[in-house]
Amino acid sequence: MAWEFSTSTAAQTQQLAENLARLLQAGDLIILSGELGAGKTTFTQGLGRSLGVREGIISPTFVLVRIHPNLPDGPNPGGPDLVHVDAYRLGSPGEIDDIDLENTMDSSVTVVEWGAERVEHLAASRLEIELVRAVGGDTPAAGTPAAGTGGTGASDVEGTDALEGTFDFTDEDDDEPRTLRLHAVGPRWEGTDFSALGQLVNTTE
Ligand SMILES: Nc1ncnc2c1ncn2[C@@H]1O[C@H](COP(=O)(O)OP(=O)(O)OP(=O)(O)O)[C@@H](O)[C@H]1O
Ligand SMILES: [Mg+2]
């Protein structure tokens with residue numbers, strides 16, 4: 001079953017993610033897709049806020065995996081950690097297996113940007129969320145592929161926290177409409193109604 005939402009601002013996308021986070025528990029897998037700058041990291045920031053994990057969620061371009069531990073003095077003490085993965089430069093499910101997400105999955109919500117067709121095998125159930133820029137109207141804002149994502153790929157460090165919390169997420173883009181398509185897969189989500197997460201525009205079987 002799939003739900004389609006629209007948001008008009010980055011804040012609304014984060015609010016939708018915050019609402020979703022209230023349904024999440026340790027072991028859940030979220031696969032994010034959508035072009036560069038679509039809002040995958042923005043969405044993950046909303047998840048992180050509501051899960052009450054350590055801040056500093058950024059596009060983990062040079063770090064494949066970042067673990068944001070649950071904060072005992074946050075809004076959700078004792079809840080799951082957030083494991084944030086960027087699979088952009090990972091080619092195959094085999095390379096994903098090399099980074100050993102199984103180790104952290106049981107105690108975390110695992111969110112994988114660019115995870116489609118790469119990490120489905122990690123869990124029997126998952127939420128697939130695709131973020132799409134509105135088409136037809138304005139030309140896309142700055143955010144076409146640029147430096148930073150096509151890098152050397154030579155020195156990825158797995159699971160490091162060296163950069164954690166170091167940078168603020170800078171936001172220079174204007175707010176634009178986005179469509180978010182949520183596809184719930186597997187027994188974990190059977191019967192769950194996501195309609196109230198945000199501004200619903202469509203549902204499909
Ligand atoms: N409705 C919206 N929802 C989400 N983000 C929006 C929206 N409108 C504008 N934005 C802006 O679009 C940008 C999305 O960037 P973000 O880093 O989240 O994308 P991304 O999908 O993670 O990209 P990448 O593939 O490079 O990691 C942010 O600057 C955000 O403020
Ligand atoms: Mg990102």
# chains A, B, ... in the order shown; residues from 1 in each chain; ligands from 1
>>> residues_near_ligand(ligand="ligand 1", cutoff="6 Å", atoms="only C-alpha atoms and all ligand atoms", output="list of chain:residue names")
A:Thr7, A:Ser8, A:Thr9, A:Ala10, A:Thr13, A:Glu35, A:Leu36, A:Gly37, A:Ala38, A:Gly39, A:Lys40, A:Thr41, A:Thr42, A:Ser59, A:Asp171, A:Glu172, A:Asp173, A:Asp174, A:Asp175, A:Glu176, A:Pro177, A:Arg178
>>> write_last_selection(atoms="C-alpha atoms", output="mmCIF file, in the first residue's frame")
data_model
loop_
_atom_site.group_PDB
_atom_site.id
_atom_site.type_symbol
_atom_site.label_atom_id
_atom_site.label_comp_id
_atom_site.auth_asym_id
_atom_site.auth_seq_id
_atom_site.Cartn_x
_atom_site.Cartn_y
_atom_site.Cartn_z
ATOM 1 C CA THR A 7 4.772 19.485 1.227
ATOM 2 C CA SER A 8 5.488 23.089 0.305
ATOM 3 C CA THR A 9 8.445 23.763 2.576
ATOM 4 C CA ALA A 10 11.426 21.978 4.036
ATOM 5 C CA THR A 13 8.848 17.759 5.064
ATOM 6 C CA GLU A 35 17.383 12.962 -6.898
ATOM 7 C CA LEU A 36 20.199 15.044 -5.449
ATOM 8 C CA GLY A 37 18.713 17.774 -3.300
ATOM 9 C CA ALA A 38 15.271 16.219 -3.230
ATOM 10 C CA GLY A 39 15.186 16.379 0.539
ATOM 11 C CA LYS A 40 16.318 12.992 1.821
ATOM 12 C CA THR A 41 18.623 14.463 4.432
ATOM 13 C CA THR A 42 16.101 17.145 5.314
ATOM 14 C CA SER A 59 24.344 14.392 3.880
ATOM 15 C CA ASP A 171 20.109 25.840 3.967
ATOM 16 C CA GLU A 172 20.220 28.286 1.136
ATOM 17 C CA ASP A 173 17.584 26.797 -1.076
ATOM 18 C CA ASP A 174 14.173 28.360 -1.226
ATOM 19 C CA ASP A 175 11.248 26.297 -0.162
ATOM 20 C CA GLU A 176 9.626 24.442 -3.017
ATOM 21 C CA PRO A 177 6.895 21.846 -3.299
ATOM 22 C CA ARG A 178 7.796 18.211 -2.940
#
>>> select_by_dssp(residues="stretch 5-123 of chain A", states="strand (DSSP E or B)", output="compact mmCIF listing (two decimals) with C-alpha atoms, in the first residue's frame")
# COMPACT_ATOMS: atom_id res chain seq x y z
CA PHE A 5 1.79 13.47 0.34
CA SER A 6 2.72 16.95 -0.69
CA THR A 7 4.77 19.49 1.23
CA LEU A 29 14.34 0.16 7.97
CA ILE A 30 13.61 3.23 5.87
CA ILE A 31 14.82 3.48 2.30
CA LEU A 32 14.95 7.00 0.88
CA SER A 33 15.16 7.75 -2.80
CA VAL A 53 18.90 11.41 18.84
CA VAL A 63 30.98 8.95 5.52
CA VAL A 65 27.40 5.43 8.01
CA ARG A 66 26.73 7.74 10.90
CA ILE A 67 25.27 6.62 14.17
CA HIS A 68 23.25 9.20 16.06
CA ASN A 70 19.51 8.30 21.41
CA ASP A 81 19.41 5.20 17.89
CA LEU A 82 19.36 6.51 14.33
CA VAL A 83 21.73 4.95 11.83
CA HIS A 84 22.01 7.18 8.77
CA VAL A 85 23.54 5.63 5.67
CA ASP A 86 24.39 7.12 2.29
CA SER A 108 18.26 1.43 15.75
CA VAL A 109 16.06 2.93 13.15
CA THR A 110 18.13 2.55 9.99
CA VAL A 111 17.69 5.16 7.26
CA VAL A 112 19.42 4.66 3.93
CA GLU A 113 19.65 7.47 1.39
>>> residues_around(residues="A:Glu190", least_positions_apart="3", cutoff="12 Å", atoms="only C-alpha atoms", output="ChimeraX atom specification")
/A:1-2,125-127,183-187,193-194
>>> atom_distance(atom1="atom CA of A:Leu51", atom2="atom CA of A:Leu24")
8.4 Å
>>> residues_around(residues="A:Ala17", least_positions_apart="6", cutoff="6 Å", atoms="only C-alpha atoms", output="PyMOL selection string")
chain A and resi 43+46-47
>>> closest_residue(among="A:Gln45, A:Asn19, A:Thr203, A:Thr104", to="ligand 2", atoms="only C-alpha atoms and all ligand atoms")
A:Gln45
>>> closest_residue(among="A:Leu122, A:Tyr88, A:Ala21, A:Asp97", to="ligand 2", atoms="only C-alpha atoms and all ligand atoms")
A:Tyr88
>>> residues_around(residues="A:Glu4", least_positions_apart="5", cutoff="9 Å", atoms="only C-alpha atoms", output="VMD selection string")
chain A and resid 179 to 183 195 199 to 204
>>> closest_residue(among="A:Ser50, A:Ser107, A:Thr192, A:Thr44", to="ligand 2", atoms="only C-alpha atoms and all ligand atoms")
A:Thr44
>>> residues_around(residues="A:Val119", least_positions_apart="4", cutoff="7 Å", atoms="only C-alpha atoms", output="list in words")
Pro93, Ile96 and Gly115 of chain A
>>> write_last_selection(atoms="N, CA and C atoms", output="PDB file, in the first residue's frame")
ATOM      1  N   PRO A  93      24.360  -4.897  -3.412  1.00  0.00           N
ATOM      2  CA  PRO A  93      24.023  -5.392  -2.073  1.00  0.00           C
ATOM      3  C   PRO A  93      25.237  -5.980  -1.352  1.00  0.00           C
ATOM      4  N   ILE A  96      27.010  -3.338   0.479  1.00  0.00           N
ATOM      5  CA  ILE A  96      26.244  -2.955   1.661  1.00  0.00           C
ATOM      6  C   ILE A  96      26.522  -3.936   2.790  1.00  0.00           C
ATOM      7  N   GLY A 115      19.026   4.112  -1.021  1.00  0.00           N
ATOM      8  CA  GLY A 115      19.032   2.694  -0.660  1.00  0.00           C
ATOM      9  C   GLY A 115      18.243   1.799  -1.590  1.00  0.00           C
TER      10      GLY A 115
END
>>> residues_around(residues="A:Pro75", least_positions_apart="2", cutoff="7 Å", atoms="only C-alpha atoms", output="PyMOL selection string")
chain A and resi 52+73+77
>>> select_by_dssp(residues="stretch 51-120 of chain A", states="alpha helix (DSSP H)", output="number ranges by chain")
A: 51, 93-98, 102-105
>>> write_last_selection(atoms="N, CA and C atoms", output="PDB file, in the first residue's frame")
ATOM      1  N   LEU A  51      12.909  11.378  17.076  1.00  0.00           N
ATOM      2  CA  LEU A  51      13.458  10.199  17.759  1.00  0.00           C
ATOM      3  C   LEU A  51      14.298  10.611  18.965  1.00  0.00           C
ATOM      4  N   PRO A  93      24.360  -4.897  -3.412  1.00  0.00           N
ATOM      5  CA  PRO A  93      24.023  -5.392  -2.073  1.00  0.00           C
ATOM      6  C   PRO A  93      25.237  -5.980  -1.352  1.00  0.00           C
ATOM      7  N   GLY A  94      26.156  -6.534  -2.095  1.00  0.00           N
ATOM      8  CA  GLY A  94      27.343  -7.099  -1.456  1.00  0.00           C
ATOM      9  C   GLY A  94      28.172  -6.042  -0.748  1.00  0.00           C
ATOM     10  N   GLU A  95      28.305  -4.883  -1.377  1.00  0.00           N
ATOM     11  CA  GLU A  95      29.053  -3.805  -0.730  1.00  0.00           C
ATOM     12  C   GLU A  95      28.336  -3.309   0.511  1.00  0.00           C
ATOM     13  N   ILE A  96      27.010  -3.338   0.479  1.00  0.00           N
ATOM     14  CA  ILE A  96      26.244  -2.955   1.661  1.00  0.00           C
ATOM     15  C   ILE A  96      26.522  -3.936   2.790  1.00  0.00           C
ATOM     16  N   ASP A  97      26.588  -5.204   2.453  1.00  0.00           N
ATOM     17  CA  ASP A  97      26.835  -6.197   3.498  1.00  0.00           C
ATOM     18  C   ASP A  97      28.180  -5.955   4.173  1.00  0.00           C
ATOM     19  N   ASP A  98      29.122  -5.418   3.422  1.00  0.00           N
ATOM     20  CA  ASP A  98      30.442  -5.151   3.992  1.00  0.00           C
ATOM     21  C   ASP A  98      30.396  -4.119   5.113  1.00  0.00           C
ATOM     22  N   GLU A 102      23.710  -4.993   9.906  1.00  0.00           N
ATOM     23  CA  GLU A 102      22.999  -5.940  10.780  1.00  0.00           C
ATOM     24  C   GLU A 102      23.353  -5.707  12.247  1.00  0.00           C
ATOM     25  N   ASN A 103      24.587  -5.309  12.491  1.00  0.00           N
ATOM     26  CA  ASN A 103      25.029  -5.106  13.869  1.00  0.00           C
ATOM     27  C   ASN A 103      24.222  -4.072  14.622  1.00  0.00           C
ATOM     28  N   THR A 104      23.834  -3.026  13.907  1.00  0.00           N
ATOM     29  CA  THR A 104      23.161  -1.928  14.597  1.00  0.00           C
ATOM     30  C   THR A 104      21.657  -1.943  14.393  1.00  0.00           C
ATOM     31  N   MET A 105      21.191  -2.730  13.462  1.00  0.00           N
ATOM     32  CA  MET A 105      19.773  -2.635  13.106  1.00  0.00           C
ATOM     33  C   MET A 105      18.837  -2.912  14.270  1.00  0.00           C
TER      34      MET A 105
END
>>> atom_distance(atom1="atom CA of A:Gly191", atom2="atom CA of A:Leu101")
27.1 Å
>>> decode(residues="stretch 44-74 of chain A", atoms="N, CA and C atoms", output="mmCIF file, in the first residue's frame")
data_model
loop_
_atom_site.group_PDB
_atom_site.id
_atom_site.type_symbol
_atom_site.label_atom_id
_atom_site.label_comp_id
_atom_site.auth_asym_id
_atom_site.auth_seq_id
_atom_site.Cartn_x
_atom_site.Cartn_y
_atom_site.Cartn_z
ATOM 1 N N THR A 44 15.416 13.194 6.983
ATOM 2 C CA THR A 44 16.082 12.437 8.048
ATOM 3 C C THR A 44 16.293 13.306 9.284
ATOM 4 N N GLN A 45 16.533 14.596 9.061
ATOM 5 C CA GLN A 45 16.676 15.512 10.206
ATOM 6 C C GLN A 45 15.393 15.561 11.033
ATOM 7 N N GLY A 46 14.259 15.539 10.349
ATOM 8 C CA GLY A 46 12.978 15.516 11.069
ATOM 9 C C GLY A 46 12.816 14.233 11.863
ATOM 10 N N LEU A 47 13.201 13.134 11.253
ATOM 11 C CA LEU A 47 13.155 11.855 11.975
ATOM 12 C C LEU A 47 14.009 11.932 13.235
ATOM 13 N N GLY A 48 15.210 12.442 13.059
ATOM 14 C CA GLY A 48 16.154 12.486 14.168
ATOM 15 C C GLY A 48 15.644 13.341 15.321
ATOM 16 N N ARG A 49 15.020 14.431 14.985
ATOM 17 C CA ARG A 49 14.508 15.329 16.019
ATOM 18 C C ARG A 49 13.453 14.612 16.853
ATOM 19 N N SER A 50 12.552 13.959 16.176
ATOM 20 C CA SER A 50 11.457 13.309 16.893
ATOM 21 C C SER A 50 11.926 12.052 17.626
ATOM 22 N N LEU A 51 12.909 11.378 17.076
ATOM 23 C CA LEU A 51 13.458 10.199 17.759
ATOM 24 C C LEU A 51 14.298 10.611 18.965
ATOM 25 N N GLY A 52 14.690 11.879 18.996
ATOM 26 C CA GLY A 52 15.488 12.345 20.120
ATOM 27 C C GLY A 52 16.893 11.803 20.104
ATOM 28 N N VAL A 53 17.522 11.884 18.950
ATOM 29 C CA VAL A 53 18.902 11.412 18.838
ATOM 30 C C VAL A 53 19.841 12.606 18.699
ATOM 31 N N ARG A 54 21.117 12.334 18.809
ATOM 32 C CA ARG A 54 22.113 13.394 18.733
ATOM 33 C C ARG A 54 22.015 14.112 17.395
ATOM 34 N N GLU A 55 22.152 15.420 17.447
ATOM 35 C CA GLU A 55 21.991 16.236 16.241
ATOM 36 C C GLU A 55 23.203 16.125 15.327
ATOM 37 N N GLY A 56 23.122 16.853 14.219
ATOM 38 C CA GLY A 56 24.231 16.862 13.281
ATOM 39 C C GLY A 56 23.977 15.977 12.092
ATOM 40 N N ILE A 57 22.701 15.800 11.740
ATOM 41 C CA ILE A 57 22.394 14.980 10.566
ATOM 42 C C ILE A 57 22.655 15.803 9.311
ATOM 43 N N ILE A 58 23.591 15.341 8.505
ATOM 44 C CA ILE A 58 23.944 16.004 7.258
ATOM 45 C C ILE A 58 24.039 14.942 6.170
ATOM 46 N N SER A 59 24.154 15.378 4.937
ATOM 47 C CA SER A 59 24.344 14.392 3.880
ATOM 48 C C SER A 59 25.680 13.708 4.114
ATOM 49 N N PRO A 60 25.665 12.439 4.402
ATOM 50 C CA PRO A 60 26.917 11.787 4.792
ATOM 51 C C PRO A 60 27.737 11.364 3.585
ATOM 52 N N THR A 61 28.057 12.354 2.756
ATOM 53 C CA THR A 61 28.669 12.047 1.474
ATOM 54 C C THR A 61 30.005 11.326 1.601
ATOM 55 N N PHE A 62 30.799 11.748 2.561
ATOM 56 C CA PHE A 62 32.117 11.136 2.683
ATOM 57 C C PHE A 62 32.172 10.108 3.806
ATOM 58 N N VAL A 63 31.056 9.924 4.441
ATOM 59 C CA VAL A 63 30.983 8.953 5.517
ATOM 60 C C VAL A 63 29.800 8.064 5.194
ATOM 61 N N LEU A 64 30.052 6.813 5.050
ATOM 62 C CA LEU A 64 28.965 5.934 4.620
ATOM 63 C C LEU A 64 27.899 5.773 5.684
ATOM 64 N N VAL A 65 28.332 5.713 6.927
ATOM 65 C CA VAL A 65 27.396 5.428 8.008
ATOM 66 C C VAL A 65 27.657 6.363 9.170
ATOM 67 N N ARG A 66 26.616 6.953 9.676
ATOM 68 C CA ARG A 66 26.728 7.740 10.895
ATOM 69 C C ARG A 66 25.719 7.224 11.896
ATOM 70 N N ILE A 67 26.164 7.066 13.109
ATOM 71 C CA ILE A 67 25.268 6.622 14.172
ATOM 72 C C ILE A 67 24.960 7.815 15.065
ATOM 73 N N HIS A 68 23.696 8.119 15.185
ATOM 74 C CA HIS A 68 23.246 9.203 16.059
ATOM 75 C C HIS A 68 22.593 8.565 17.278
ATOM 76 N N PRO A 69 23.295 8.554 18.395
ATOM 77 C CA PRO A 69 22.756 7.852 19.562
ATOM 78 C C PRO A 69 21.545 8.548 20.155
ATOM 79 N N ASN A 70 20.655 7.764 20.687
ATOM 80 C CA ASN A 70 19.513 8.303 21.414
ATOM 81 C C ASN A 70 20.018 9.119 22.608
ATOM 82 N N LEU A 71 19.362 10.266 22.827
ATOM 83 C CA LEU A 71 19.779 11.140 23.923
ATOM 84 C C LEU A 71 18.936 10.868 25.167
ATOM 85 N N PRO A 72 19.596 10.500 26.268
ATOM 86 C CA PRO A 72 18.842 10.203 27.487
ATOM 87 C C PRO A 72 18.047 11.396 27.990
ATOM 88 N N ASP A 73 18.499 12.604 27.668
ATOM 89 C CA ASP A 73 17.763 13.786 28.122
ATOM 90 C C ASP A 73 16.986 14.438 26.977
ATOM 91 N N GLY A 74 16.738 13.678 25.917
ATOM 92 C CA GLY A 74 15.954 14.186 24.788
ATOM 93 C C GLY A 74 14.486 13.845 24.932
#
